[in-house]
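Structure file work31.txt; described as compact mmCIF, C-alpha atoms and all ligand atoms.
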# COMPACT_ATOMS: atom_id res chain seq x y z
CA MET A 1 -73.93 76.04 51.50
CA VAL A 2 -73.62 77.88 48.17
CA ALA A 3 -70.00 78.85 47.34
CA PRO A 4 -69.34 82.62 47.10
CA PRO A 5 -68.75 84.03 43.57
CA ARG A 6 -65.16 84.02 42.33
CA PHE A 7 -63.71 86.67 40.03
CA VAL A 8 -60.74 86.75 37.61
CA PRO A 9 -59.27 89.69 35.66
CA LEU A 10 -61.08 90.39 32.36
CA ALA A 11 -59.09 89.52 29.23
CA PHE A 12 -59.87 92.58 27.08
CA GLU A 13 -57.97 94.06 24.17
CA ARG A 14 -58.64 97.77 23.58
CA LEU A 15 -58.41 98.32 19.83
CA PRO A 16 -57.37 101.52 18.05
CA GLU A 17 -60.48 103.11 16.50
CA ASP A 18 -59.45 102.49 12.89
CA GLU A 19 -58.98 98.81 13.68
CA GLN A 20 -62.38 98.67 15.42
CA LEU A 21 -64.09 100.12 12.39
CA ALA A 22 -62.19 97.97 9.93
CA ARG A 23 -63.22 94.82 11.81
CA SER A 24 -66.86 95.85 12.13
CA ARG A 25 -67.05 96.77 8.42
CA ASP A 26 -65.48 93.47 7.41
CA PHE A 27 -67.89 91.53 9.60
CA LEU A 28 -70.87 93.45 8.17
CA ALA A 29 -69.77 92.88 4.57
CA GLY A 30 -69.23 89.19 5.28
CA MET A 31 -72.62 88.73 6.93
CA ARG A 32 -74.48 90.69 4.26
CA ALA A 33 -73.53 87.91 1.84
CA ARG A 34 -75.16 85.18 3.98
CA ARG A 35 -78.18 83.55 2.37
CA SER A 36 -80.33 80.59 3.28
CA VAL A 37 -79.49 77.81 0.84
CA ARG A 38 -82.02 75.08 -0.01
CA ASP A 39 -80.08 73.32 -2.75
CA PHE A 40 -76.89 71.58 -1.53
CA SER A 41 -74.00 69.77 -3.20
CA ARG A 42 -73.24 66.32 -1.79
CA GLU A 43 -69.54 67.25 -1.55
CA SER A 44 -68.09 66.83 1.92
CA VAL A 45 -66.80 69.74 4.03
CA PRO A 46 -64.13 69.84 6.77
CA THR A 47 -65.49 68.43 10.01
CA GLU A 48 -63.36 70.85 12.00
CA ALA A 49 -65.23 73.83 10.52
CA ILE A 50 -68.49 72.37 11.86
CA GLU A 51 -67.00 71.66 15.28
CA ASN A 52 -65.40 75.10 15.48
CA ALA A 53 -68.82 76.60 14.71
CA VAL A 54 -70.41 74.55 17.49
CA ALA A 55 -67.65 75.63 19.88
CA THR A 56 -68.28 79.24 18.80
CA ALA A 57 -72.02 78.84 19.43
CA ALA A 58 -71.19 77.52 22.89
CA THR A 59 -69.47 80.84 23.72
CA ALA A 60 -72.87 82.57 23.64
CA PRO A 61 -74.13 84.36 26.72
CA SER A 62 -76.94 82.45 28.42
CA GLY A 63 -79.45 83.15 31.17
CA ALA A 64 -77.74 82.48 34.55
CA HIS A 65 -74.91 80.85 32.53
CA GLN A 66 -76.95 77.68 32.25
CA GLN A 67 -75.84 77.00 28.64
CA PRO A 68 -79.15 75.29 27.87
CA TRP A 69 -78.19 73.78 24.50
CA SER A 70 -77.00 70.65 22.73
CA PHE A 71 -75.81 70.50 19.13
CA VAL A 72 -76.23 67.13 17.44
CA VAL A 73 -73.92 66.94 14.41
CA VAL A 74 -75.37 64.40 12.00
CA SER A 75 -73.31 63.05 9.09
CA ASP A 76 -74.56 59.43 8.99
CA PRO A 77 -76.51 59.14 5.69
CA ASP A 78 -79.00 56.68 7.23
CA VAL A 79 -79.83 59.04 10.07
CA LYS A 80 -80.14 61.99 7.66
CA ARG A 81 -82.50 59.90 5.53
CA ARG A 82 -84.69 59.04 8.52
CA ILE A 83 -84.82 62.72 9.44
CA ARG A 84 -85.73 63.69 5.87
CA ILE A 85 -88.53 61.11 5.67
CA ALA A 86 -90.03 62.23 8.99
CA ALA A 87 -89.62 65.95 8.15
CA GLU A 88 -91.26 65.53 4.75
CA GLU A 89 -94.16 63.61 6.27
CA GLU A 90 -94.84 66.45 8.72
CA GLU A 91 -94.21 69.17 6.15
CA ARG A 92 -96.47 67.53 3.57
CA ARG A 93 -99.31 67.52 6.08
CA SER A 94 -98.55 71.10 7.09
CA TYR A 95 -98.41 72.44 3.54
CA GLU A 96 -101.47 70.44 2.45
CA SER A 97 -103.80 71.02 5.37
CA ARG A 98 -102.33 72.45 8.58
CA MET A 99 -100.95 75.84 7.53
CA PRO A 100 -103.48 78.66 7.36
CA ASP A 101 -103.65 80.64 4.08
CA GLU A 102 -101.89 83.59 5.73
CA TRP A 103 -98.82 81.42 6.49
CA LEU A 104 -98.76 79.92 2.99
CA GLU A 105 -99.02 83.44 1.57
CA ALA A 106 -96.04 84.60 3.67
CA LEU A 107 -93.98 81.66 2.39
CA ARG A 108 -94.90 82.12 -1.29
CA GLN A 109 -91.94 84.43 -2.02
CA LEU A 110 -89.55 81.66 -0.91
CA GLY A 111 -90.88 79.05 -3.34
CA THR A 112 -90.67 76.32 -0.67
CA ASP A 113 -92.87 73.22 -0.45
CA TRP A 114 -92.91 69.98 1.59
CA ARG A 115 -89.92 68.48 -0.21
CA LYS A 116 -86.69 68.65 1.83
CA PRO A 117 -83.88 67.10 -0.28
CA HIS A 118 -81.34 69.33 1.48
CA ILE A 119 -81.52 67.05 4.54
CA ASP A 120 -80.11 64.18 2.46
CA ASP A 121 -77.81 66.19 0.23
CA ALA A 122 -75.97 68.40 2.75
CA PRO A 123 -73.00 66.46 4.21
CA PHE A 124 -73.85 67.66 7.73
CA VAL A 125 -77.08 68.48 9.50
CA VAL A 126 -76.69 70.22 12.85
CA VAL A 127 -79.76 69.77 15.01
CA VAL A 128 -79.89 72.23 17.88
CA PHE A 129 -81.80 71.26 21.02
CA GLU A 130 -82.87 73.59 23.80
CA GLN A 131 -82.76 72.20 27.33
CA ALA A 132 -86.07 73.24 28.83
CA TYR A 133 -84.64 72.35 32.22
CA GLY A 134 -81.43 70.79 33.51
CA LEU A 135 -81.10 67.33 35.01
CA ARG A 136 -78.87 66.66 38.02
CA ALA A 137 -76.98 63.38 38.28
CA ASP A 138 -79.67 62.14 40.72
CA GLY A 139 -82.42 62.86 38.15
CA THR A 140 -83.86 65.96 39.87
CA LYS A 141 -84.68 68.99 37.70
CA VAL A 142 -82.87 72.35 37.59
CA LYS A 143 -84.97 75.30 36.44
CA HIS A 144 -83.53 77.08 33.38
CA TYR A 145 -84.02 80.77 32.67
CA TYR A 146 -84.33 82.52 29.28
CA VAL A 147 -83.83 79.31 27.35
CA ARG A 148 -85.18 80.46 23.97
CA GLU A 149 -83.26 83.74 24.04
CA SER A 150 -80.02 81.97 24.97
CA VAL A 151 -80.35 79.30 22.28
CA GLY A 152 -81.31 81.90 19.67
CA ILE A 153 -78.11 83.85 20.36
CA ALA A 154 -76.04 80.64 20.16
CA VAL A 155 -77.61 79.72 16.82
CA GLY A 156 -76.81 83.19 15.48
CA LEU A 157 -73.15 82.66 16.35
CA LEU A 158 -73.22 79.18 14.80
CA LEU A 159 -74.65 80.53 11.52
CA ALA A 160 -72.13 83.40 11.43
CA SER A 161 -69.20 81.05 12.02
CA LEU A 162 -70.30 78.61 9.32
CA HIS A 163 -70.97 81.39 6.83
CA LEU A 164 -67.65 83.10 7.43
CA ALA A 165 -65.91 79.72 7.04
CA GLY A 166 -67.30 79.64 3.50
CA LEU A 167 -70.11 77.17 4.16
CA ALA A 168 -73.78 77.38 3.23
CA THR A 169 -76.58 76.81 5.74
CA LEU A 170 -80.33 76.65 5.95
CA THR A 171 -82.21 77.59 9.09
CA HIS A 172 -84.93 74.94 8.94
CA THR A 173 -87.82 74.37 11.32
CA PRO A 174 -89.90 71.44 10.09
CA SER A 175 -93.23 71.80 11.81
CA PRO A 176 -93.84 70.10 14.18
CA MET A 177 -90.37 68.67 14.85
CA GLY A 178 -90.78 66.43 17.89
CA PHE A 179 -89.60 63.47 15.76
CA LEU A 180 -86.02 64.78 16.00
CA ARG A 181 -85.82 63.97 19.71
CA GLU A 182 -86.86 60.42 19.04
CA ILE A 183 -84.62 59.79 16.01
CA LEU A 184 -81.60 61.34 17.72
CA GLY A 185 -82.29 59.73 21.10
CA ARG A 186 -82.20 62.94 23.10
CA PRO A 187 -83.34 63.04 26.74
CA GLU A 188 -86.76 64.24 27.92
CA ASN A 189 -85.51 67.70 28.97
CA GLU A 190 -84.43 68.56 25.41
CA ARG A 191 -86.65 70.03 22.69
CA PRO A 192 -85.66 70.46 19.05
CA TYR A 193 -85.02 74.14 18.30
CA VAL A 194 -83.79 74.20 14.70
CA LEU A 195 -82.28 71.91 12.07
CA ILE A 196 -79.37 73.30 10.05
CA PRO A 197 -78.11 71.55 6.91
CA VAL A 198 -74.51 72.63 6.23
CA GLY A 199 -72.42 72.20 3.09
CA TYR A 200 -71.62 73.80 -0.23
CA PRO A 201 -74.34 75.14 -2.51
CA ALA A 202 -75.20 72.94 -5.48
CA GLU A 203 -73.86 74.04 -8.86
CA GLY A 204 -76.17 76.74 -10.26
CA CYS A 205 -77.95 77.22 -6.90
CA VAL A 206 -80.48 80.07 -6.88
CA VAL A 207 -82.02 81.88 -3.90
CA PRO A 208 -85.16 84.00 -3.60
CA ASP A 209 -84.71 87.62 -4.66
CA LEU A 210 -85.33 89.21 -1.24
CA GLU A 211 -84.60 92.67 0.08
CA ARG A 212 -83.45 93.27 3.62
CA LYS A 213 -84.61 96.24 5.65
CA SER A 214 -82.04 99.02 5.61
CA LEU A 215 -80.26 100.30 8.70
CA GLU A 216 -82.60 103.29 8.74
CA ASP A 217 -85.61 100.95 8.69
CA VAL A 218 -84.47 99.07 11.78
CA VAL A 219 -82.48 101.46 13.94
CA VAL A 220 -84.11 103.81 16.43
CA ARG A 221 -81.76 106.45 17.85
CA VAL A 222 -82.72 107.99 21.13
C1 LIG B 301 -86.60 80.73 12.96
C2 LIG B 301 -86.48 80.49 11.48
C3 LIG B 301 -87.13 79.42 10.91
C4 LIG B 301 -86.98 79.17 9.54
N1 LIG B 301 -87.57 78.06 9.00
C5 LIG B 301 -87.38 77.77 7.70
C6 LIG B 301 -87.90 76.56 7.16
O1 LIG B 301 -88.47 75.73 7.87
N2 LIG B 301 -87.69 76.31 5.85
C7 LIG B 301 -86.99 77.18 5.05
O2 LIG B 301 -86.83 76.88 3.85
N3 LIG B 301 -86.48 78.33 5.54
C8 LIG B 301 -86.64 78.63 6.85
N4 LIG B 301 -86.08 79.78 7.38
C9 LIG B 301 -85.25 80.64 6.53
C10 LIG B 301 -85.94 81.93 6.16
O3 LIG B 301 -86.94 81.70 5.21
C11 LIG B 301 -84.89 82.92 5.62
O4 LIG B 301 -83.99 83.23 6.64
C12 LIG B 301 -85.51 84.21 5.11
O5 LIG B 301 -86.33 83.93 3.99
C13 LIG B 301 -84.44 85.25 4.72
O6 LIG B 301 -83.57 84.72 3.75
P1 LIG B 301 -82.00 84.69 3.99
O7 LIG B 301 -81.75 83.79 5.17
O8 LIG B 301 -81.43 84.14 2.70
O9 LIG B 301 -81.54 86.08 4.27
C14 LIG B 301 -86.21 80.05 8.73
C15 LIG B 301 -85.57 81.14 9.34
C16 LIG B 301 -85.69 81.35 10.69
C17 LIG B 301 -84.95 82.50 11.32
What is this file in structure tokens?
Ligand SMILES: Cc1cc2nc3c(=O)[nH]c(=O)nc-3n(C[C@H](O)[C@H](O)[C@H](O)COP(=O)(O)O)c2cc1C
Amino acid sequence: MVAPPRFVPLAFERLPEDEQLARSRDFLAGMRARRSVRDFSRESVPTEAIENAVATAATAPSGAHQQPWSFVVVSDPDVKRRIRIAAEEEERRSYESRMPDEWLEALRQLGTDWRKPHIDDAPFVVVVFEQAYGLRADGTKVKHYYVRESVGIAVGLLLASLHLAGLATLTHTPSPMGFLREILGRPENERPYVLIPVGYPAEGCVVPDLERKSLEDVVVRV
């Protein structure tokens, strides 16, 4: 028998309008300054900031509240090195022969290539896994719904938390990235979703000169 749903009172703080707007403007200004960083300092960062960001990510809404994610926080230099070697091997093959010209053309403005020193240099690498399905204690499978959407929202919260804590990140998807499951010993129901080096930018770090679409470019008012 399935238990009936239980309800509790909502904890909700109604803000005065000026406070609402002040908070939303502050958040916007903070997030506008986020950039993907590919050149990291080796300086360490507070572990608690990483764990708070993971805890923040885990507040994300998820399909049927299945919370289909795991966040592997890697700081061991040997493990980071193994990840870098495997990522560079895949990326070298992708850049040299697997990516179609159209893809390489789209990436040109970023100035990226197969080299991934950020995986070694950043003091932490957070590897996010999506759980394609759940596993009960007896080994049977639980179907998961809207896995990619749920994990994408969680990663957005993770990136926002890290950025607003004054840390730099890269959203990195070495392609293909099946090697991450093996190196990190994750179970068969988990698939690598994204790899996120976290740390401080290296001295003199530069980023591509990119323009974001304006509000008017992206909003549709009906
Ligand atoms: C799903 C996803 C995958 C990405 N994969 C890579 C990647 O593998 N390597 C990389 O250098 N940047 C990667 N990026 C970062 C984008 O290139 C970057 O977000 C974009 O150029 C905009 O720059 P900004 O993040 O500084 O605003 C990825 C971003 C997303 C959202």
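Neighbours of ligand LIG 301 (chain B) at a cut-off of 8 Å, computed so that only C-alpha atoms and all ligand atoms are counted, are the residues Arg34, Arg35, Ser36, Val37, Arg38, Leu107, Leu110, Thr112, Leu170, Thr171, His172, Thr173, Pro174, Ser175, Val194, Val207, Pro208, Leu210 and Arg212 of chain A.
Look at Ser150 of chain A: the protein and nucleic acid residues within 7 Å of it, using all atoms listed in the file and passing over chain neighbours fewer than 2 places away, are A:Pro61, A:Ser62, A:Gly63, A:Tyr146, A:Val147, A:Arg148, A:Gly152, A:Ile153, A:Ala154.
In this model, the gap between atom CA of Leu164 of chain A and atom CA of Pro68 of chain A comes to 24.7 Å.
Distance annotation: of A:Arg32, A:Arg186, A:Asp138, A:Ile196, the residue with the minimal separation from Glu211 of chain A is A:Arg32; atom set is all atoms listed in the file.
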Next item on the list: Determine the nearest neighbour of His118 of chain A from the options A:Leu159, A:Leu195, A:Leu10, A:Val142, counting all atoms listed in the file.
Entry: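 Of A:Leu159, A:Leu195, A:Leu10, A:Val142, the one nearest His118 of chain A, counting all atoms listed in the file, is A:Leu195.
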Notebook entry, point to check: In Å, with one decimal, what is the gap from atom CA of Gly30 of chain A to atom CA of Asp209 of chain A?
Noted result: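 Going from atom CA of Gly30 of chain A over to atom CA of Asp209 of chain A, I get 18.5 Å.
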Margin query: as a list of chain:residue names, please: the residues near Ala57 of chain A (cut-off 12 Å, only C-alpha atoms, same-chain neighbours under 5 positions excluded).
Written below: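 Skipping anything fewer than 5 positions along the chain leaves A:Ile50, A:Glu51, A:Asn52, A:Ser62, A:Gln67, A:Pro68, A:Trp69, A:Ser70, A:Phe71, A:Val126, A:Val128, A:Ser150, A:Val151, A:Gly152, A:Ile153, A:Ala154, A:Val155, A:Gly156, A:Leu157, A:Leu158, A:Leu159, A:Ala160, A:Ser161, A:Leu162.
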C-alpha atoms of the current selection, written as a PDB file, keeping the file's coordinate frame:
ATOM      1  CA  ILE A  50     -68.490  72.370  11.860  1.00  0.00           C
ATOM      2  CA  GLU A  51     -67.000  71.660  15.280  1.00  0.00           C
ATOM      3  CA  ASN A  52     -65.400  75.100  15.480  1.00  0.00           C
ATOM      4  CA  SER A  62     -76.940  82.450  28.420  1.00  0.00           C
ATOM      5  CA  GLN A  67     -75.840  77.000  28.640  1.00  0.00           C
ATOM      6  CA  PRO A  68     -79.150  75.290  27.870  1.00  0.00           C
ATOM      7  CA  TRP A  69     -78.190  73.780  24.500  1.00  0.00           C
ATOM      8  CA  SER A  70     -77.000  70.650  22.730  1.00  0.00           C
ATOM      9  CA  PHE A  71     -75.810  70.500  19.130  1.00  0.00           C
ATOM     10  CA  VAL A 126     -76.690  70.220  12.850  1.00  0.00           C
ATOM     11  CA  VAL A 128     -79.890  72.230  17.880  1.00  0.00           C
ATOM     12  CA  SER A 150     -80.020  81.970  24.970  1.00  0.00           C
ATOM     13  CA  VAL A 151     -80.350  79.300  22.280  1.00  0.00           C
ATOM     14  CA  GLY A 152     -81.310  81.900  19.670  1.00  0.00           C
ATOM     15  CA  ILE A 153     -78.110  83.850  20.360  1.00  0.00           C
ATOM     16  CA  ALA A 154     -76.040  80.640  20.160  1.00  0.00           C
ATOM     17  CA  VAL A 155     -77.610  79.720  16.820  1.00  0.00           C
ATOM     18  CA  GLY A 156     -76.810  83.190  15.480  1.00  0.00           C
ATOM     19  CA  LEU A 157     -73.150  82.660  16.350  1.00  0.00           C
ATOM     20  CA  LEU A 158     -73.220  79.180  14.800  1.00  0.00           C
ATOM     21  CA  LEU A 159     -74.650  80.530  11.520  1.00  0.00           C
ATOM     22  CA  ALA A 160     -72.130  83.400  11.430  1.00  0.00           C
ATOM     23  CA  SER A 161     -69.200  81.050  12.020  1.00  0.00           C
ATOM     24  CA  LEU A 162     -70.300  78.610   9.320  1.00  0.00           C
TER      25      LEU A 162
END
Next item on the list: Record the distance separating atom CA of Pro117 of chain A and atom CA of Glu88 of chain A, expressed in Å with one decimal.
Entry: 9.1 Å
Note to self: So that I can check the surroundings of Ile183 of chain A, please list as a ChimeraX atom specification every protein, DNA and RNA residue that reaches within 8 Å of it, counting all atoms listed in the file and ignoring chain neighbours fewer than 4 positions away.
What the structure shows: /A:79,82-83,179
Next item on the list: Pick out the residues sitting within 8 Å of segment 42-48 of chain A, and hand them over as a PyMOL selection string; count only C-alpha atoms, and ignore anything fewer than 3 positions along from it in its own chain.
Entry: chain A and resi 51-52+121-123+199-200+202
Checklist line | Residue with smallest distance to Arg136 of chain A - pool A:Thr169, A:Asn189, A:Gln20, A:Ser75, counting all atoms listed in the file | finding: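 Of all the options, A:Asn189 lies closest to Arg136 of chain A.
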